[in-house]
Amino acid sequence: MESDDRYGAAGQEAGGAGFGGPVPPPPSHAPAVGPPPPGAPLRAAGAALLNLTGLGLGYALLGRWVRAAVCWAATAVLLWVALPADPDGVPGGVLVGYPLVLVLAAADGARIARRSALGGAWRPVLAVGLGVVLLAVPTGGAVVYGSARDEAREQMLLDRLAAGDERVTAASRQPFDSARGEYERALDAYRALGEDHPGSRAAKLVPDRLKTYYDAVSAPYAEKRLCEAVAPLTYLRTLPDSVDEKLLGALAAWPDEPLAVSLYGCGVSRLGGPGGGGTELGELLRTFPGSASARQVGPAIGKRIKEQVAALKGAEPCAATEVLRGLGATASGLPAEGVKALRGDADKGVVDGVYACGVDQFEDEKFGDARTTLTDFARTYRSDGRVRQARNIAIAAEIADDRPAAGKRLPPSKRPGGSRMELVISNDAPNAVEVLYTGPVTGTVTLKACAGCERYGASEGPRRACKASGRNYPEARLRLPAGEYHFLYKHGTGATAGVDSYSSGTKVQPGYTYTSCTYVIERSPFDLDLPQLPDPIQPVVSLWGVGSSR
């Protein structure tokens, strides 16, 4: 450490109020330390102020170069840490340590200046004035640094805003379900800027960015892809729960009307199809019951029901019937009572549709489907006036499935008048037989199993069937108008799985009584073709057998 020079009595005479020349050492009889010369406080203030500038000039004037170098090093460290300006500013340790160094240097410089003899022509007043002027350097530097730091912080916030913008742009190129995470991260950035840094330039841009954000998320609505718009609009409607409504402004309530429109449009587009539209329309009626879209639900379903009822007379009654079923199910599941009541209109249409569908299937020669449809109709709607005709068409369809000629035309809906011929059908089979017939009239008759009757060989059936003396064969008598008939003989109770049904046709002419005999013959174990049997229905002079068995 450098030693301090002490002032003696001679120093007081020569020094006056200025930084004077060297003073001769005091005589040996003088005290080692004398009182400070006049002007010492002013010299101390000048040295202290010059050291407070951080430039070490107080030490330089005092000739204390090591101490001045320490000040320069401290200032250099501060500049190295602080520049370029960082949004987070200077570390707290530096902010505390550097001013402490300057204060200590100022105090130390003042102490040395009060007791040291200084060379040169400097005057204390000039040192004080220079110190005051140079204090503007750290003060101005602090101001400039603060401004630079604020600008760096603003730029950082603007970078965050730009990053959010990039996320929105990238998310807008993907379906909402895939992009939702990106949208949420972008929203987090906007929300943090607006709520945590409300006075920043970036925060002032957030409202415009949120408008762009809403536009990007709701793009399917703008493009009239209403079903796709439901999920993103529902998401936007939840944002006021997590974002300050002051930040959202008018956007907070904006999704309500677009969401109601989308729920309606999507639901109506799905009426009668997969899903039925009930999910969307139900959400609309529950969430926006008083909206204009909600008021349109009932009329839209009613209109669609009328359209499908009219379509029952068109080329695709089966499809129209299925749509009516869906419309009825959708209407009954909605929360508005007025809409639920439309189920009745749809159900009436379904009744007509099932019958029309069965008839259409018959005319399209889909005889198996027609039989199923019309049998179900007769079983389900027992009180309907068309049940009898539905059964007749089902009978004709079953015959036509084995004998297509029976399906050339629908059975007459009214029984013809005029004379009738008698057909007697006898059963010489050990199992019951159901006989289905269609022509001018349509119906069925069932013959009980013949007690004691057996199966015949292939060659003996036509010769022996229904001819055993003394045997009482089960029989049925039908009175039929003249015309062409088709028959299907179905072996029922008591028959094995190998007994085939048999179909045939004949023309019933006036003036005859017809007979028919059903029997079962054993089929060759080698599955050889049997001789072709003659038509089983003949005038009374002939008797033929029907059926075969494996």
# chains A, B, ... in the order shown; residues from 1 in each chain; ligands from 1
>>> residues_around(residues="Ser172 of chain A", least_positions_apart="4", cutoff="7 Å", atoms="only C-alpha atoms", output="PyMOL selection string")
chain A and resi 168+216-217
>>> select_by_dssp(residues="segment 375-533 of chain A", states="strand (DSSP E or B)", output="ChimeraX atom specification")
/A:420-427,433-438,443-447,456,475-481,483-491,499,502-508,513-518,521-522
>>> select_by_dssp(residues="segment 312-423 of chain A", states="alpha helix (DSSP H)", output="count of residues only")
72
>>> residues_around(residues="segment 503-511 of chain A", least_positions_apart="6", cutoff="7 Å", atoms="only C-alpha atoms", output="PDB file with N, CA and C atoms, in the first residue's frame")
ATOM      1  N   ASP A 402     -88.945 -69.870 -55.852  1.00  0.00           N
ATOM      2  CA  ASP A 402     -88.638 -71.204 -56.402  1.00  0.00           C
ATOM      3  C   ASP A 402     -89.137 -71.345 -57.842  1.00  0.00           C
ATOM      4  N   ARG A 403     -90.191 -70.586 -58.157  1.00  0.00           N
ATOM      5  CA  ARG A 403     -90.800 -70.661 -59.493  1.00  0.00           C
ATOM      6  C   ARG A 403     -91.006 -69.228 -59.990  1.00  0.00           C
ATOM      7  N   MET A 421    -113.969 -73.333 -59.710  1.00  0.00           N
ATOM      8  CA  MET A 421    -113.703 -74.755 -59.891  1.00  0.00           C
ATOM      9  C   MET A 421    -113.156 -75.313 -58.592  1.00  0.00           C
ATOM     10  N   ALA A 482    -111.281 -69.543 -62.372  1.00  0.00           N
ATOM     11  CA  ALA A 482    -110.468 -70.016 -63.496  1.00  0.00           C
ATOM     12  C   ALA A 482    -109.277 -69.103 -63.696  1.00  0.00           C
ATOM     13  N   GLY A 483    -108.163 -69.666 -64.168  1.00  0.00           N
ATOM     14  CA  GLY A 483    -106.964 -68.875 -64.424  1.00  0.00           C
ATOM     15  C   GLY A 483    -105.709 -69.707 -64.226  1.00  0.00           C
ATOM     16  N   GLU A 484    -104.566 -69.046 -64.390  1.00  0.00           N
ATOM     17  CA  GLU A 484    -103.280 -69.733 -64.244  1.00  0.00           C
ATOM     18  C   GLU A 484    -102.816 -69.637 -62.798  1.00  0.00           C
ATOM     19  N   TYR A 485    -102.420 -70.800 -62.232  1.00  0.00           N
ATOM     20  CA  TYR A 485    -102.015 -70.868 -60.840  1.00  0.00           C
ATOM     21  C   TYR A 485    -100.603 -71.443 -60.726  1.00  0.00           C
ATOM     22  N   HIS A 486     -99.957 -71.044 -59.633  1.00  0.00           N
ATOM     23  CA  HIS A 486     -98.639 -71.577 -59.293  1.00  0.00           C
ATOM     24  C   HIS A 486     -98.700 -72.091 -57.863  1.00  0.00           C
ATOM     25  N   PHE A 487     -98.086 -73.282 -57.641  1.00  0.00           N
ATOM     26  CA  PHE A 487     -98.172 -73.945 -56.340  1.00  0.00           C
ATOM     27  C   PHE A 487     -96.767 -74.208 -55.795  1.00  0.00           C
ATOM     28  N   LEU A 488     -96.670 -74.193 -54.461  1.00  0.00           N
ATOM     29  CA  LEU A 488     -95.450 -74.609 -53.774  1.00  0.00           C
ATOM     30  C   LEU A 488     -95.856 -75.546 -52.645  1.00  0.00           C
ATOM     31  N   TYR A 489     -95.330 -76.774 -52.702  1.00  0.00           N
ATOM     32  CA  TYR A 489     -95.622 -77.785 -51.686  1.00  0.00           C
ATOM     33  C   TYR A 489     -94.448 -77.830 -50.718  1.00  0.00           C
ATOM     34  N   ASP A 535     -97.114 -82.878 -64.106  1.00  0.00           N
ATOM     35  CA  ASP A 535     -97.761 -81.858 -63.293  1.00  0.00           C
ATOM     36  C   ASP A 535     -98.745 -82.537 -62.349  1.00  0.00           C
ATOM     37  N   ILE A 537    -101.304 -81.421 -60.756  1.00  0.00           N
ATOM     38  CA  ILE A 537    -102.706 -81.002 -60.747  1.00  0.00           C
ATOM     39  C   ILE A 537    -103.289 -81.304 -62.119  1.00  0.00           C
TER      40      ILE A 537
END
>>> closest_residue(among="A:Ser419, A:Thr279, A:Gln389, A:Thr169", to="Leu334 of chain A", atoms="only C-alpha atoms")
A:Thr279
>>> residues_around(residues="segment 346-355 of chain A", least_positions_apart="3", cutoff="10 Å", atoms="only C-alpha atoms", output="MDAnalysis selection string")
chainID A and resid 301:302 304:306 308:313 316:329 331 341:343 358:361 370 373:378 380:381 384 386:387 389:390
>>> residues_around(residues="Ala170 of chain A", least_positions_apart="3", cutoff="12 Å", atoms="only C-alpha atoms", output="PyMOL selection string")
chain A and resi 163-167+173-176+178-183+185-186+213+216-217
>>> write_last_selection(atoms="N, CA, C and O atoms", output="mmCIF file, in the first residue's frame")
data_model
loop_
_atom_site.group_PDB
_atom_site.id
_atom_site.type_symbol
_atom_site.label_atom_id
_atom_site.label_comp_id
_atom_site.auth_asym_id
_atom_site.auth_seq_id
_atom_site.Cartn_x
_atom_site.Cartn_y
_atom_site.Cartn_z
ATOM 1 N N ALA A 163 -43.309 -15.879 -32.673
ATOM 2 C CA ALA A 163 -43.332 -17.341 -32.527
ATOM 3 C C ALA A 163 -44.772 -17.843 -32.430
ATOM 4 O O ALA A 163 -45.127 -18.877 -33.011
ATOM 5 N N GLY A 164 -45.606 -17.096 -31.692
ATOM 6 C CA GLY A 164 -47.026 -17.459 -31.633
ATOM 7 C C GLY A 164 -47.678 -17.379 -32.997
ATOM 8 O O GLY A 164 -48.471 -18.251 -33.369
ATOM 9 N N ASP A 165 -47.331 -16.331 -33.766
ATOM 10 C CA ASP A 165 -47.884 -16.189 -35.113
ATOM 11 C C ASP A 165 -47.496 -17.378 -35.994
ATOM 12 O O ASP A 165 -48.314 -17.885 -36.773
ATOM 13 N N GLU A 166 -46.249 -17.820 -35.864
ATOM 14 C CA GLU A 166 -45.796 -18.953 -36.672
ATOM 15 C C GLU A 166 -46.550 -20.223 -36.302
ATOM 16 O O GLU A 166 -46.881 -21.033 -37.172
ATOM 17 N N ARG A 167 -46.838 -20.396 -35.024
ATOM 18 C CA ARG A 167 -47.608 -21.574 -34.609
ATOM 19 C C ARG A 167 -49.013 -21.542 -35.206
ATOM 20 O O ARG A 167 -49.538 -22.566 -35.665
ATOM 21 N N ARG A 173 -52.792 -25.048 -41.331
ATOM 22 C CA ARG A 173 -52.659 -25.952 -42.474
ATOM 23 C C ARG A 173 -53.092 -27.380 -42.136
ATOM 24 O O ARG A 173 -53.022 -28.257 -42.985
ATOM 25 N N GLN A 174 -53.491 -27.626 -40.904
ATOM 26 C CA GLN A 174 -53.840 -28.973 -40.467
ATOM 27 C C GLN A 174 -55.284 -29.015 -39.990
ATOM 28 O O GLN A 174 -55.874 -27.990 -39.646
ATOM 29 N N PRO A 175 -55.884 -30.227 -39.941
ATOM 30 C CA PRO A 175 -57.210 -30.351 -39.319
ATOM 31 C C PRO A 175 -57.144 -29.913 -37.859
ATOM 32 O O PRO A 175 -56.108 -30.068 -37.194
ATOM 33 N N PHE A 176 -58.250 -29.415 -37.358
ATOM 34 C CA PHE A 176 -58.248 -28.839 -36.013
ATOM 35 C C PHE A 176 -57.831 -29.850 -34.954
ATOM 36 O O PHE A 176 -57.069 -29.519 -34.039
ATOM 37 N N SER A 178 -55.814 -32.272 -35.078
ATOM 38 C CA SER A 178 -54.366 -32.470 -35.081
ATOM 39 C C SER A 178 -53.631 -31.216 -34.631
ATOM 40 O O SER A 178 -52.544 -31.298 -34.045
ATOM 41 N N ALA A 179 -54.198 -30.061 -34.910
ATOM 42 C CA ALA A 179 -53.501 -28.796 -34.663
ATOM 43 C C ALA A 179 -53.870 -28.145 -33.335
ATOM 44 O O ALA A 179 -53.302 -27.105 -32.988
ATOM 45 N N ARG A 180 -54.743 -28.740 -32.582
ATOM 46 C CA ARG A 180 -55.228 -28.075 -31.370
ATOM 47 C C ARG A 180 -54.093 -27.743 -30.396
ATOM 48 O O ARG A 180 -54.082 -26.671 -29.785
ATOM 49 N N GLY A 181 -53.132 -28.652 -30.248
ATOM 50 C CA GLY A 181 -52.016 -28.382 -29.351
ATOM 51 C C GLY A 181 -51.231 -27.145 -29.756
ATOM 52 O O GLY A 181 -50.853 -26.326 -28.903
ATOM 53 N N GLU A 182 -50.990 -26.995 -31.058
ATOM 54 C CA GLU A 182 -50.271 -25.817 -31.537
ATOM 55 C C GLU A 182 -51.082 -24.546 -31.284
ATOM 56 O O GLU A 182 -50.531 -23.511 -30.886
ATOM 57 N N TYR A 183 -52.375 -24.622 -31.526
ATOM 58 C CA TYR A 183 -53.226 -23.456 -31.256
ATOM 59 C C TYR A 183 -53.156 -23.069 -29.773
ATOM 60 O O TYR A 183 -53.094 -21.881 -29.425
ATOM 61 N N ARG A 185 -50.728 -23.606 -27.610
ATOM 62 C CA ARG A 185 -49.432 -23.012 -27.274
ATOM 63 C C ARG A 185 -49.331 -21.576 -27.788
ATOM 64 O O ARG A 185 -48.761 -20.701 -27.115
ATOM 65 N N ALA A 186 -49.875 -21.328 -28.971
ATOM 66 C CA ALA A 186 -49.890 -19.955 -29.487
ATOM 67 C C ALA A 186 -50.737 -19.054 -28.588
ATOM 68 O O ALA A 186 -50.348 -17.912 -28.285
ATOM 69 N N TYR A 213 -56.076 -15.141 -34.961
ATOM 70 C CA TYR A 213 -56.158 -16.461 -34.331
ATOM 71 C C TYR A 213 -57.574 -17.041 -34.479
ATOM 72 O O TYR A 213 -57.757 -18.192 -34.886
ATOM 73 N N ALA A 216 -58.256 -18.063 -38.016
ATOM 74 C CA ALA A 216 -57.589 -19.315 -38.410
ATOM 75 C C ALA A 216 -58.314 -20.527 -37.839
ATOM 76 O O ALA A 216 -58.551 -21.520 -38.540
ATOM 77 N N VAL A 217 -58.676 -20.460 -36.557
ATOM 78 C CA VAL A 217 -59.352 -21.601 -35.929
ATOM 79 C C VAL A 217 -60.720 -21.839 -36.562
ATOM 80 O O VAL A 217 -61.143 -22.973 -36.771
#
>>> residues_around(residues="segment 426-441 of chain A", least_positions_apart="4", cutoff="6 Å", atoms="only C-alpha atoms", output="list in words")
Ala396, Val445, Thr446, Leu447, Lys448, Ala449, Cys450, Cys453, Glu454, Cys466, Tyr473, Pro474, Glu475, Glu484, Tyr485, His486, Phe487, Leu488, Tyr489, Lys490, His491, Gly492, Thr493, Gly494, Ala495, Cys517, Thr518, Tyr519 and Val520 of chain A
>>> residues_around(residues="Lys246 of chain A", least_positions_apart="5", cutoff="10 Å", atoms="only C-alpha atoms", output="PDB file with C-alpha atoms, in the first residue's frame")
ATOM      1  CA  GLY A 194     -51.352  -9.378 -22.961  1.00  0.00           C
ATOM      2  CA  GLU A 195     -51.732 -10.147 -19.250  1.00  0.00           C
ATOM      3  CA  PRO A 207     -55.799  -7.947 -29.982  1.00  0.00           C
ATOM      4  CA  PRO A 240     -63.213 -16.772 -21.954  1.00  0.00           C
ATOM      5  CA  LEU A 251     -64.232 -11.955 -29.618  1.00  0.00           C
ATOM      6  CA  ALA A 252     -65.386 -13.456 -26.318  1.00  0.00           C
TER       7      ALA A 252
END
>>> closest_residue(among="A:Leu480, A:Val70, A:Ala451, A:Ala405", to="Gly418 of chain A", atoms="only C-alpha atoms")
A:Leu480
>>> closest_residue(among="A:Leu210, A:Ala68, A:Leu478, A:Leu259", to="Ala231 of chain A", atoms="only C-alpha atoms")
A:Leu259
>>> atom_distance(atom1="atom CA of Arg209 of chain A", atom2="atom CA of Pro258 of chain A")
19.9 Å
